[in-house]
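Participant: The structure under discussion is supplied below as structure tokens; questions concerning it will follow.
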Amino acid sequence: MNTSYSIDLIHRFVNKTIETGFDEVAVLLYNNRETMIKIANSQPSVAQNWSEISIGIYLVKNKRIFILELKPVSIDLLLKPVEELVKYADKVEESMLYAPLPEPRTVSKLKDLVSNKVLNYIDNPYELVELSIESAHREKIDYIAGTIDLWFVNKILVTSKGVELSEDKTGYEIYIRAFKEPDGSGQWCTCGIDIDKKSVEETSLYASRYAVESINRTSIEPGKYDVILSPLVFGNLLEYVSRMTSALSIFMGMSMFMNNNPGDKVGSEKLTVHDMPRINELPNATSFDDEGIPTFNKPLIEKGVWKTILHNTKTAHNFGGETTGNAGWIYPHPWNIVVEPGDYSLDELISNVRKGVFITNNWYTRLQNYVEGLFSTISRDALFLIENGEVKKPVEKIRIADKLSNIIKNIDGLTKDTYRIMWWEVRIPSKLPFVLIRDVNITKHML
Amino acid sequence: MVEDLLHYIVDYGLSRGASYVEARYHKNWSEAIIFRNNSVLGIGREIDEGIGIRVIVNGTLGFTATTSLDKEIVRNTLDKLIDQTRSLSTFMKEKIEFADAKLGRAVYEVSPRKKFDTMSIEEKIKYGKELWSIASKSISEARVSVLMIQYFESIEEKIIVNSDGAYVNSKIPRIGLFYNIVINHPAKGSIQKWEQLGASGGLEWIDVWKLHENIPNSVKTYEKILLTAQSPPKDTVDVVVGSEIVGLIAHESCGHPSEADRIWGREAAQAGKSFIKKGMIGEKIGTKYATVIDDPTIPGSYGFYLYDDEGVPARARYLYKEGYINEHLHNRWTAKVFGTESNASARAMNYRSEPIIRMANTYLKPGDYSFEELIEDIKHGVYIKSFMEWNIDDERWSQRYVGLEAYLIENGELKDFVKNPVLEITTKSFYSSIDAADRELKFYAATCGKGEPSQGVPVWTGGPDVRLRNIKLGVSL
């Protein structure tokens, strides 16, 4: 690890920045070490590793806001762009988002955020590569593709208000996609702060089983179906919903909650979604946000009722609320998404469906209109028709084309088991169950 | 000095047993102004600078990146990469090799006609705020509730050196603008449009884009759509697909499936595979109008470059030609696997990204009709001019586009607005249904995502308006 960027050094830089003429400064530094092995056709396609420093600098002069994002080749070069920006300060107008940086608060540090096993795998990932490929091939599949990503991050935050915080953390994300001729494929994923081989193994095994079970697909007609979504699909759709609870999403016209208020019923009573930065099993766990506010766990939606607008101090000031410890200097965002489990096993969920589709993976969710929540997404990998409470057969790709509001309103059951999910299409680490949603609009190409 | 370091990296990597070493100094500078309605939310500047290094060791590919220009740190980074790559080679079933290629030794630069500093920050802010002023006053019945604008300018500088003799030094400035318009009506709900503009060059593009005219005109149109649009016809109709959607289709259902790394399976767990399989060159995909070209060398284009990040000279690639699959996008690795030559498709987003196969500017070749001729014999049809929602499956076969600005066509004339018509169609059906294209080629800016970690690179998509016969449209909720 490059230790040249200590809190003291950043503190001195903050002082120098104030001397250039800025009123308020915050510096957020990430010192990152990462190894990523990409797998294709059951062999590594590329080994990538990074050791780098990213620095964000938040600057205010006369309520004008400037943000610098730097990957500096040397700390000596940090001050030059600051000096260039200060010249802009009297030419730009006050930001309507402006609020003073918060005073330091007591931060209760999260424990057990660094895993020695992950640190070791960053340097020696070979055992995980072998385990992923070998365990997937225990099923009669043809090949796998996937990613094993492992990292260590040292995060430092120093502000001109006296915040001086540091946090070390490890994390990993693994996803595996298995293929079996002629048309079978399946995917699973996992993520965390500490790693255990069982999760790695299960990721490959789940993917392979879905690949084997989904060969020889037939088509189904479009229409209304009850759907069971895997945690991967549910996580993808809930990521959109959760981001829409950000004050800035509402402010920028990118939220279906623009016409709602906290306290409104927006979903099924069976749905409770939390933002959980203080859960040390998901990789975005953190003790403090980008303004130095201590993080806390909070419900976004509780028993179907919208509970929280995610705020930093600026959006809170603008909306007349309190910060929720979710900064982003500009964009407040959820840290980790956790959905409260239900009472069902997956088999019990399936047994509650007369005519439905079990969707194990999706991608390419796009919205026609964020305010209306009108979207579609297309399935990929294993997909099964359910009839009279039983999985009948694998079927070809379909789309969910509906409103996000309908999706969360029509939830009728969740499994008691939950799964840690993160991959290309779920960027916020999430812990979720399988979910049953009634009367979902399904389309497919008819040309 | 940086060049000396790049040559040192190549030489040292070879001395450590690598069969190929590539060192790329890559700097991206960008500045953005973010507006919401009448206000500037803030100004952002981003500078990332470093060296990306790629090696082949024992037939295994390794990549690392560092922000340090210190020789000792770079050497240690390279040592670690070579050791890790060598250790992984035990898992390789097929060794990675690169095809031979003529590599460039060149220096080139895009010179903006109007440099970024010929307009002051105050003038740029005034420009953005005027857009809100004009847009918000352009309608009366509905209301523009949000106009978010992000204006940016950037400069990308690269020096690429590799062990096969390439040396390419380039500098490309780009300018761009994103905006999100939300229009509300108390009884009719809302309509939303997200737009992206981008090009290589400088402030001369501000004049080309004419946003002072185009944004208020669009807002007026969106108000009319919100207030008056009717459901699309349920019967089979002829459909004219606007160039904005045609460009996206060319990108999504020709460009992406033509990426040879995707065909091989390298992106199978991320961006997916391809309906095109190895050996399908020459297979029929559509009518004679199905010619899709990807050309990095279009002057002023958002995806402009003259040499790719492996140092291979760029040229136009005819991916589909007159209805047949004609050529794939290759880097030097896939060229070797497919027994062909690289056509310069390797691009990296920044220093911390490996070069992978990417599109540049992908467009459907225009035809010889005027727009009026396209619609004149349509008795009953729909013209879908623009879109918001779209997606395509991971083999690039089944796709869906939901129109935003769309019109009924009756007896050869554009009539009422149509609400959210859905074109849900396979790749082959689309290209096989084109029976005419107009001669106006229009380009649209986009940021194309691919890779792990995901890389967004600037591209243009484009095409003419095209006519499809006998199409059954769907209806959005």
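Labels for the structure tokens follow display order: chains A, B, ..., residues from 1 in each chain, ligands from 1.
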Taking only C-alpha atoms into account, which residues of chain A are within 6 Å of chain B, as a tab-separated table (two decimals) with N, CA and C atoms, in the first residue's frame?
Facilitator:
```tsv
chain	number	residue	atom	x	y	z
A	40	ALA	N	-13.31	-16.61	-19.22
A	40	ALA	CA	-14.17	-16.88	-20.38
A	40	ALA	C	-13.76	-18.23	-20.95
A	43	GLN	N	-11.42	-20.44	-18.80
A	43	GLN	CA	-10.01	-20.12	-18.58
A	43	GLN	C	-9.89	-18.61	-18.36
A	46	VAL	N	-8.17	-12.50	-18.86
A	46	VAL	CA	-7.19	-11.47	-18.51
A	46	VAL	C	-7.09	-11.38	-16.99
A	47	ALA	N	-5.86	-11.16	-16.51
A	47	ALA	CA	-5.63	-10.86	-15.09
A	47	ALA	C	-5.36	-9.37	-15.00
A	48	GLN	N	-6.15	-8.67	-14.19
A	48	GLN	CA	-5.95	-7.23	-14.08
A	48	GLN	C	-5.65	-6.88	-12.63
A	49	ASN	N	-4.71	-6.01	-12.42
A	49	ASN	CA	-4.55	-5.48	-11.07
A	49	ASN	C	-4.22	-4.00	-11.09
A	50	TRP	N	-4.64	-3.33	-10.03
A	50	TRP	CA	-4.47	-1.89	-9.92
A	50	TRP	C	-3.94	-1.55	-8.52
A	52	GLU	N	-3.66	2.23	-6.93
A	52	GLU	CA	-3.82	3.63	-7.36
A	52	GLU	C	-4.49	4.48	-6.28
A	65	ILE	N	-19.98	26.14	-5.72
A	65	ILE	CA	-19.48	24.79	-5.47
A	65	ILE	C	-18.64	24.31	-6.67
A	66	PHE	N	-17.47	23.76	-6.34
A	66	PHE	CA	-16.59	23.18	-7.35
A	66	PHE	C	-16.17	21.79	-6.86
A	67	ILE	N	-16.07	20.87	-7.82
A	67	ILE	CA	-15.60	19.54	-7.44
A	67	ILE	C	-14.49	19.10	-8.40
A	68	LEU	N	-13.41	18.66	-7.81
A	68	LEU	CA	-12.28	18.15	-8.59
A	68	LEU	C	-12.17	16.65	-8.36
A	69	GLU	N	-12.02	15.89	-9.43
A	69	GLU	CA	-11.75	14.46	-9.31
A	69	GLU	C	-10.41	14.21	-9.95
A	70	LEU	N	-9.45	13.73	-9.18
A	70	LEU	CA	-8.09	13.63	-9.68
A	70	LEU	C	-7.52	12.23	-9.47
A	71	LYS	N	-6.79	11.78	-10.44
A	71	LYS	CA	-5.92	10.60	-10.28
A	71	LYS	C	-4.51	11.12	-10.46
A	73	VAL	N	-0.56	11.94	-10.62
A	73	VAL	CA	0.71	11.21	-10.67
A	73	VAL	C	1.63	11.64	-9.53
A	91	LYS	N	-16.84	34.38	-10.90
A	91	LYS	CA	-17.52	34.44	-12.20
A	91	LYS	C	-18.75	33.53	-12.25
A	95	SER	N	-24.54	28.36	-5.76
A	95	SER	CA	-25.27	27.12	-6.05
A	95	SER	C	-26.52	27.05	-5.19
A	145	ALA	N	-18.12	-18.44	-17.84
A	145	ALA	CA	-17.47	-17.13	-17.91
A	145	ALA	C	-17.75	-16.45	-16.58
A	146	GLY	N	-16.98	-15.43	-16.27
A	146	GLY	CA	-17.26	-14.74	-15.01
A	146	GLY	C	-16.15	-13.81	-14.59
A	177	ARG	N	-21.19	-17.27	-14.90
A	177	ARG	CA	-22.26	-17.63	-15.85
A	177	ARG	C	-21.85	-18.93	-16.53
A	253	GLY	N	-35.59	15.27	-11.64
A	253	GLY	CA	-36.61	14.69	-12.52
A	253	GLY	C	-36.34	13.26	-12.88
A	364	TYR	N	-30.26	-4.98	-18.98
A	364	TYR	CA	-30.74	-3.92	-19.86
A	364	TYR	C	-32.09	-3.38	-19.42
A	366	ARG	N	-34.32	-0.38	-18.89
A	366	ARG	CA	-34.34	1.00	-19.37
A	366	ARG	C	-35.72	1.59	-19.15
A	367	LEU	N	-35.76	2.90	-18.89
A	367	LEU	CA	-37.04	3.53	-18.57
A	367	LEU	C	-37.51	4.45	-19.69
A	368	GLN	N	-38.77	4.40	-19.98
A	368	GLN	CA	-39.39	5.35	-20.90
A	368	GLN	C	-39.57	6.68	-20.19
A	369	ASN	N	-39.78	6.61	-18.89
A	369	ASN	CA	-40.11	7.82	-18.14
A	369	ASN	C	-39.86	7.52	-16.66
A	445	HIS	N	-40.64	-10.32	-28.56
A	445	HIS	CA	-40.71	-9.91	-29.96
A	445	HIS	C	-41.70	-10.82	-30.68
A	447	LEU	N	-42.07	-10.29	-34.12
A	447	LEU	CA	-41.68	-10.12	-35.52
A	447	LEU	C	-40.35	-10.80	-35.77
```
Participant: Can you list, as a list in words, every protein, DNA or RNA residue that comes within 10 Å of Ala316 (chain A) when you count only C-alpha atoms, leaving out same-chain residues fewer than 5 positions away?
Facilitator: Leu97, Ala99, Ala247, Ile309, Leu310, His311, Gly321, Glu322, Thr323, Thr324 and Pro332 of chain A
Participant: Mind dumping the selected residues with C-alpha atoms as a PDB file, in the first residue's frame?
Facilitator:
```pdb
ATOM      1  CA  LEU A  97     -27.662  23.369  -3.412  1.00  0.00           C
ATOM      2  CA  ALA A  99     -25.118  24.383   2.586  1.00  0.00           C
ATOM      3  CA  ALA A 247     -33.255  13.733  -2.981  1.00  0.00           C
ATOM      4  CA  ILE A 309     -35.589  10.535   1.303  1.00  0.00           C
ATOM      5  CA  LEU A 310     -31.841  10.000   1.140  1.00  0.00           C
ATOM      6  CA  HIS A 311     -30.001  13.223   1.919  1.00  0.00           C
ATOM      7  CA  GLY A 321     -34.893  17.827   6.279  1.00  0.00           C
ATOM      8  CA  GLU A 322     -31.925  16.237   8.034  1.00  0.00           C
ATOM      9  CA  THR A 323     -28.996  14.511   6.417  1.00  0.00           C
ATOM     10  CA  THR A 324     -29.349  10.743   6.394  1.00  0.00           C
ATOM     11  CA  PRO A 332     -26.988  11.170  -1.948  1.00  0.00           C
TER      12      PRO A 332
END
```
Participant: Restricting the calculation to only C-alpha atoms, which member of A:Arg64, A:Lys161, A:Lys117, A:Lys397 is positioned closest to Val25 (chain A)?
Facilitator: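 Closest to Val25 (chain A), using only C-alpha atoms: A:Lys161.
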Participant: As an MDAnalysis selection string, which residues of region 185-366 of chain B does DSSP assign to alpha helix (DSSP H)?
Facilitator: chainID B and resid 204:209 211:228 243:250 260:264 332:338
Participant: Those same residues, written as a short mmCIF file (atom, residue, chain, number, x, y, z; two decimals), in the first residue's frame with N, CA and C atoms?
Facilitator:
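Below is the file result.cif, written as the result:
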```
data_model
loop_
_atom_site.label_atom_id
_atom_site.label_comp_id
_atom_site.auth_asym_id
_atom_site.auth_seq_id
_atom_site.Cartn_x
_atom_site.Cartn_y
_atom_site.Cartn_z
N GLU B 204 -17.07 25.11 -31.89
CA GLU B 204 -17.80 25.26 -33.16
C GLU B 204 -19.06 24.40 -33.17
N TRP B 205 -19.08 23.34 -32.37
CA TRP B 205 -20.25 22.45 -32.35
C TRP B 205 -21.47 23.11 -31.71
N ILE B 206 -21.23 24.09 -30.84
CA ILE B 206 -22.35 24.81 -30.22
C ILE B 206 -23.22 25.44 -31.32
N ASP B 207 -22.54 25.98 -32.34
CA ASP B 207 -23.28 26.60 -33.45
C ASP B 207 -24.03 25.53 -34.25
N VAL B 208 -23.39 24.38 -34.42
CA VAL B 208 -24.02 23.31 -35.22
C VAL B 208 -25.27 22.79 -34.52
N TRP B 209 -25.22 22.68 -33.20
CA TRP B 209 -26.34 22.04 -32.48
C TRP B 209 -27.58 22.92 -32.38
N LEU B 211 -29.09 24.71 -30.17
CA LEU B 211 -30.00 24.32 -29.09
C LEU B 211 -31.01 25.41 -28.73
N HIS B 212 -30.66 26.65 -29.00
CA HIS B 212 -31.61 27.74 -28.74
C HIS B 212 -32.88 27.58 -29.58
N GLU B 213 -32.74 26.94 -30.72
CA GLU B 213 -33.93 26.66 -31.54
C GLU B 213 -34.48 25.28 -31.22
N ASN B 214 -33.60 24.31 -31.13
CA ASN B 214 -34.06 22.92 -31.08
C ASN B 214 -34.72 22.54 -29.76
N ILE B 215 -34.19 23.03 -28.63
CA ILE B 215 -34.79 22.64 -27.35
C ILE B 215 -36.21 23.20 -27.23
N PRO B 216 -36.44 24.49 -27.46
CA PRO B 216 -37.84 24.94 -27.35
C PRO B 216 -38.78 24.29 -28.36
N ASN B 217 -38.27 24.01 -29.56
CA ASN B 217 -39.12 23.30 -30.54
C ASN B 217 -39.48 21.91 -30.02
N SER B 218 -38.48 21.24 -29.44
CA SER B 218 -38.76 19.90 -28.89
C SER B 218 -39.77 20.00 -27.75
N VAL B 219 -39.59 21.00 -26.89
CA VAL B 219 -40.50 21.15 -25.74
C VAL B 219 -41.94 21.34 -26.22
N LYS B 220 -42.10 22.17 -27.26
CA LYS B 220 -43.45 22.38 -27.81
C LYS B 220 -44.04 21.06 -28.33
N THR B 221 -43.18 20.30 -29.00
CA THR B 221 -43.64 19.00 -29.52
C THR B 221 -44.03 18.07 -28.38
N TYR B 222 -43.18 18.03 -27.33
CA TYR B 222 -43.48 17.13 -26.22
C TYR B 222 -44.79 17.52 -25.53
N GLU B 223 -45.04 18.81 -25.44
CA GLU B 223 -46.32 19.24 -24.85
C GLU B 223 -47.49 18.71 -25.68
N LYS B 224 -47.35 18.83 -27.00
CA LYS B 224 -48.44 18.34 -27.87
C LYS B 224 -48.61 16.82 -27.72
N ILE B 225 -47.48 16.12 -27.63
CA ILE B 225 -47.58 14.65 -27.45
C ILE B 225 -48.32 14.34 -26.15
N LEU B 226 -47.91 15.03 -25.09
CA LEU B 226 -48.53 14.80 -23.78
C LEU B 226 -50.04 15.05 -23.82
N LEU B 227 -50.43 16.10 -24.55
CA LEU B 227 -51.83 16.51 -24.54
C LEU B 227 -52.69 15.75 -25.55
N THR B 228 -52.07 15.32 -26.65
CA THR B 228 -52.92 14.83 -27.76
C THR B 228 -52.63 13.42 -28.25
N SER B 243 -34.05 8.25 -37.99
CA SER B 243 -32.60 8.03 -37.98
C SER B 243 -32.05 7.88 -36.57
N GLU B 244 -32.67 8.54 -35.58
CA GLU B 244 -32.19 8.40 -34.19
C GLU B 244 -32.28 6.94 -33.74
N ILE B 245 -33.38 6.28 -34.11
CA ILE B 245 -33.56 4.88 -33.72
C ILE B 245 -32.75 3.97 -34.63
N VAL B 246 -32.69 4.31 -35.91
CA VAL B 246 -31.90 3.50 -36.86
C VAL B 246 -30.44 3.45 -36.41
N GLY B 247 -29.93 4.60 -35.98
CA GLY B 247 -28.55 4.63 -35.50
C GLY B 247 -28.35 3.72 -34.31
N LEU B 248 -29.29 3.77 -33.37
CA LEU B 248 -29.20 2.90 -32.19
C LEU B 248 -29.27 1.43 -32.60
N ILE B 249 -30.17 1.13 -33.54
CA ILE B 249 -30.30 -0.26 -34.00
C ILE B 249 -29.00 -0.72 -34.66
N ALA B 250 -28.41 0.15 -35.49
CA ALA B 250 -27.15 -0.22 -36.14
C ALA B 250 -26.08 -0.54 -35.09
N ALA B 260 -15.68 -9.29 -32.38
CA ALA B 260 -15.16 -10.66 -32.43
C ALA B 260 -14.87 -11.23 -31.04
N ASP B 261 -14.54 -10.39 -30.06
CA ASP B 261 -14.30 -10.91 -28.71
C ASP B 261 -15.60 -11.44 -28.12
N ARG B 262 -16.70 -10.78 -28.44
CA ARG B 262 -18.02 -11.23 -27.98
C ARG B 262 -18.38 -12.55 -28.68
N ILE B 263 -18.08 -12.63 -29.97
CA ILE B 263 -18.37 -13.87 -30.72
C ILE B 263 -17.58 -15.03 -30.11
N TRP B 264 -16.35 -14.76 -29.71
CA TRP B 264 -15.50 -15.80 -29.11
C TRP B 264 -15.99 -16.17 -27.72
N ARG B 332 -5.94 -7.38 -32.32
CA ARG B 332 -4.92 -8.30 -32.84
C ARG B 332 -5.09 -9.71 -32.31
N TRP B 333 -5.65 -9.85 -31.11
CA TRP B 333 -5.88 -11.20 -30.56
C TRP B 333 -6.98 -11.93 -31.35
N THR B 334 -8.13 -11.29 -31.52
CA THR B 334 -9.20 -11.99 -32.25
C THR B 334 -8.82 -12.19 -33.71
N ALA B 335 -8.03 -11.27 -34.26
CA ALA B 335 -7.56 -11.45 -35.65
C ALA B 335 -6.81 -12.78 -35.75
N LYS B 336 -5.99 -13.07 -34.75
CA LYS B 336 -5.24 -14.33 -34.75
C LYS B 336 -6.21 -15.52 -34.64
N VAL B 337 -7.17 -15.41 -33.72
CA VAL B 337 -8.12 -16.50 -33.50
C VAL B 337 -8.96 -16.76 -34.76
N PHE B 338 -9.33 -15.69 -35.46
CA PHE B 338 -10.21 -15.82 -36.63
C PHE B 338 -9.42 -15.92 -37.94
#
```
Participant: Can you list, as a VMD selection string, all residues belonging to region 149-248 of chain A that DSSP tags as strand (DSSP E or B)?
Facilitator: chain A and resid 149 to 159 164 to 180 184 to 192 218 223 to 229 246
Participant: In terms of the shortest atom-to-atom distance over only C-alpha atoms, which of A:Trp424, A:Phe358, A:Phe251, A:Tyr331 is closest to Asp381 (chain A)?
Facilitator: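 For Asp381 (chain A), the nearest of the given residues is A:Phe358.
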Participant: Could you name the residues that touch Ile350 (chain A) at 9 Å or less, counting only C-alpha atoms, but leaving out those on the same chain fewer than 4 positions away, as a VMD selection string?
Facilitator: chain A and resid 228 345 to 346 354 356 358 386 to 391 436
Participant: Export, as a PDB file, in the first residue's frame, the selected residues with N, CA and C atoms.
Facilitator:
```pdb
ATOM      1  N   ILE A 228     -41.850 -15.025 -10.467  1.00  0.00           N
ATOM      2  CA  ILE A 228     -40.915 -15.169  -9.349  1.00  0.00           C
ATOM      3  C   ILE A 228     -39.572 -14.658  -9.847  1.00  0.00           C
ATOM      4  N   SER A 345     -40.261 -20.889   1.594  1.00  0.00           N
ATOM      5  CA  SER A 345     -39.154 -21.479   0.844  1.00  0.00           C
ATOM      6  C   SER A 345     -39.414 -21.176  -0.628  1.00  0.00           C
ATOM      7  N   LEU A 346     -38.414 -21.355  -1.475  1.00  0.00           N
ATOM      8  CA  LEU A 346     -38.623 -21.107  -2.902  1.00  0.00           C
ATOM      9  C   LEU A 346     -39.697 -22.046  -3.455  1.00  0.00           C
ATOM     10  N   ARG A 354     -50.275 -20.107 -10.142  1.00  0.00           N
ATOM     11  CA  ARG A 354     -51.068 -20.933 -11.068  1.00  0.00           C
ATOM     12  C   ARG A 354     -50.486 -20.851 -12.478  1.00  0.00           C
ATOM     13  N   GLY A 356     -47.322 -18.748 -14.242  1.00  0.00           N
ATOM     14  CA  GLY A 356     -46.271 -17.763 -13.976  1.00  0.00           C
ATOM     15  C   GLY A 356     -44.954 -18.090 -14.641  1.00  0.00           C
ATOM     16  N   PHE A 358     -40.673 -17.985 -13.813  1.00  0.00           N
ATOM     17  CA  PHE A 358     -39.581 -17.858 -12.848  1.00  0.00           C
ATOM     18  C   PHE A 358     -38.374 -17.312 -13.610  1.00  0.00           C
ATOM     19  N   ILE A 386     -44.113 -21.683 -14.970  1.00  0.00           N
ATOM     20  CA  ILE A 386     -44.737 -22.332 -13.808  1.00  0.00           C
ATOM     21  C   ILE A 386     -46.222 -22.506 -14.113  1.00  0.00           C
ATOM     22  N   GLU A 387     -46.726 -23.705 -13.902  1.00  0.00           N
ATOM     23  CA  GLU A 387     -48.162 -23.954 -14.064  1.00  0.00           C
ATOM     24  C   GLU A 387     -48.659 -24.750 -12.873  1.00  0.00           C
ATOM     25  N   ASN A 388     -49.751 -24.282 -12.320  1.00  0.00           N
ATOM     26  CA  ASN A 388     -50.392 -24.981 -11.206  1.00  0.00           C
ATOM     27  C   ASN A 388     -49.403 -25.378 -10.101  1.00  0.00           C
ATOM     28  N   GLY A 389     -48.564 -24.419  -9.751  1.00  0.00           N
ATOM     29  CA  GLY A 389     -47.680 -24.611  -8.600  1.00  0.00           C
ATOM     30  C   GLY A 389     -46.433 -25.412  -8.860  1.00  0.00           C
ATOM     31  N   GLU A 390     -46.165 -25.708 -10.157  1.00  0.00           N
ATOM     32  CA  GLU A 390     -44.968 -26.499 -10.447  1.00  0.00           C
ATOM     33  C   GLU A 390     -44.188 -25.897 -11.609  1.00  0.00           C
ATOM     34  N   VAL A 391     -42.872 -26.019 -11.512  1.00  0.00           N
ATOM     35  CA  VAL A 391     -42.037 -25.605 -12.653  1.00  0.00           C
ATOM     36  C   VAL A 391     -42.236 -26.625 -13.763  1.00  0.00           C
ATOM     37  N   LEU A 436     -42.146 -13.145  -5.121  1.00  0.00           N
ATOM     38  CA  LEU A 436     -43.292 -13.438  -5.999  1.00  0.00           C
ATOM     39  C   LEU A 436     -44.061 -12.141  -6.240  1.00  0.00           C
TER      40      LEU A 436
END
```
Participant: Between CA of Leu404 (chain A) and CA of Phe375 (chain A), what is the distance in Å, rounded to a tenth?
Facilitator: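 Distance between the two atoms: 7.0 Å.
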Participant: Between A:Lys111, A:Lys270, A:Lys298, A:Arg209, which residue has the minimum interatomic distance to Arg138 (chain A), considering only C-alpha atoms?
Facilitator: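 For Arg138 (chain A), the nearest of the candidates is A:Arg209.
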Participant: So how far away is CA of Leu414 (chain B) from CA of Asp438 (chain B), in Å?
Facilitator: 16.1 Å
Participant: Compile the contact shell of region 264-268 of chain A as a list in words: residues with an atom at most 8 Å away, counting only C-alpha atoms, same-chain residues fewer than 4 positions apart removed.
Facilitator: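 Residues near the query, excluding close chain neighbours: Asn260, Ile301, Lys303, Gly304, Val305, Trp306, Ser405, Asn406, Ile408, Lys409, Asn410, Ile411 and Asp412 of chain A.
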Participant: Any idea what's packed within 10 Å of Phe13 (chain A), counting only C-alpha atoms, ignoring anything in its chain fewer than 4 positions away? Could you give it as a PyMOL selection string?
Facilitator: chain A and resi 7-9+17-19+25+27+75-76+78-79+158
Participant: Env of Glu310 (chain B): 10 Å cut, atoms = only C-alpha atoms, seq-sep filter 2 positions within chain, self excluded. Answer as a CSV table (one decimal) with N, CA and C atoms, in the first residue's frame.
Facilitator:
```csv
chain,number,residue,atom,x,y,z
B,22,GLU,N,3.0,-3.7,-23.8
B,22,GLU,CA,2.4,-2.5,-24.4
B,22,GLU,C,2.3,-1.5,-23.2
B,23,ALA,N,2.7,-0.3,-23.4
B,23,ALA,CA,2.7,0.7,-22.4
B,23,ALA,C,1.9,1.9,-23.0
B,24,ARG,N,0.9,2.4,-22.3
B,24,ARG,CA,0.1,3.5,-22.8
B,24,ARG,C,0.0,4.6,-21.7
B,101,ALA,N,0.6,-7.3,-37.6
B,101,ALA,CA,-0.1,-6.1,-38.1
B,101,ALA,C,0.9,-5.1,-38.4
B,103,LEU,N,2.0,-1.6,-37.9
B,103,LEU,CA,1.7,-0.7,-36.8
B,103,LEU,C,2.2,0.7,-37.1
B,104,GLY,N,1.4,1.6,-36.5
B,104,GLY,CA,1.7,3.0,-36.9
B,104,GLY,C,2.9,3.6,-36.0
B,160,ILE,N,1.2,5.7,-27.1
B,160,ILE,CA,1.2,4.2,-27.0
B,160,ILE,C,2.5,3.7,-27.6
B,161,VAL,N,3.1,2.8,-26.8
B,161,VAL,CA,4.4,2.2,-27.3
B,161,VAL,C,4.2,0.7,-27.0
B,162,ASN,N,4.5,-0.1,-28.0
B,162,ASN,CA,4.5,-1.6,-27.7
B,162,ASN,C,5.7,-2.3,-28.3
B,164,ASP,N,6.0,-4.5,-30.4
B,164,ASP,CA,6.0,-4.8,-31.8
B,164,ASP,C,6.3,-3.6,-32.7
B,166,ALA,N,5.0,-0.2,-32.3
B,166,ALA,CA,4.1,0.9,-32.5
B,166,ALA,C,4.5,2.1,-31.7
B,167,TYR,N,4.3,3.2,-32.2
B,167,TYR,CA,4.4,4.5,-31.5
B,167,TYR,C,3.3,5.4,-32.0
B,168,VAL,N,2.4,5.7,-31.2
B,168,VAL,CA,1.3,6.6,-31.6
B,168,VAL,C,1.0,7.6,-30.5
B,307,TYR,N,-5.6,5.8,-35.1
B,307,TYR,CA,-4.9,4.5,-34.8
B,307,TYR,C,-5.6,4.0,-33.5
B,308,ASP,N,-5.7,2.7,-33.4
B,308,ASP,CA,-6.3,2.2,-32.2
B,308,ASP,C,-5.3,2.0,-31.1
B,312,VAL,N,-2.7,0.1,-34.4
B,312,VAL,CA,-3.1,-0.3,-35.8
B,312,VAL,C,-3.9,0.8,-36.5
B,313,PRO,N,-3.5,1.1,-37.7
B,313,PRO,CA,-4.2,2.2,-38.4
B,313,PRO,C,-5.7,1.9,-38.7
B,331,ASN,N,-9.5,-6.9,-32.8
B,331,ASN,CA,-8.2,-6.5,-32.3
B,331,ASN,C,-7.2,-7.5,-32.8
B,332,ARG,N,-5.9,-7.4,-32.3
B,332,ARG,CA,-4.9,-8.3,-32.8
B,332,ARG,C,-5.1,-9.7,-32.3
B,342,SER,N,-6.2,-7.5,-37.9
B,342,SER,CA,-6.9,-6.5,-37.0
B,342,SER,C,-7.4,-5.4,-37.9
B,344,ALA,N,-8.4,-2.5,-36.3
B,344,ALA,CA,-8.1,-1.4,-35.4
B,344,ALA,C,-9.3,-1.1,-34.5
B,345,SER,N,-9.8,-2.1,-33.8
B,345,SER,CA,-11.0,-1.8,-33.0
B,345,SER,C,-10.7,-1.8,-31.5
B,346,ALA,N,-9.4,-1.8,-31.1
B,346,ALA,CA,-9.0,-1.9,-29.7
B,346,ALA,C,-9.0,-0.4,-29.1
B,347,ARG,N,-9.9,-0.2,-28.1
B,347,ARG,CA,-9.9,1.1,-27.4
B,347,ARG,C,-10.0,0.9,-25.9
B,348,ALA,N,-9.3,1.8,-25.2
B,348,ALA,CA,-9.4,1.8,-23.8
B,348,ALA,C,-10.0,3.2,-23.3
B,355,PRO,N,-7.3,-2.2,-23.3
B,355,PRO,CA,-8.0,-2.0,-24.6
B,355,PRO,C,-8.8,-3.2,-25.0
B,356,ILE,N,-10.0,-3.0,-25.3
B,356,ILE,CA,-10.9,-4.1,-25.8
B,356,ILE,C,-11.6,-3.7,-27.1
```
Participant: Residues within 6 Å of Ile409 (chain B), please, as a list in words. Count only C-alpha atoms; anything in the same chain fewer than 4 positions from it doesn't count.
Facilitator: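 The residues satisfying every condition are His380, Gly381, Val382, Glu413, Leu414 and Lys415 of chain B.
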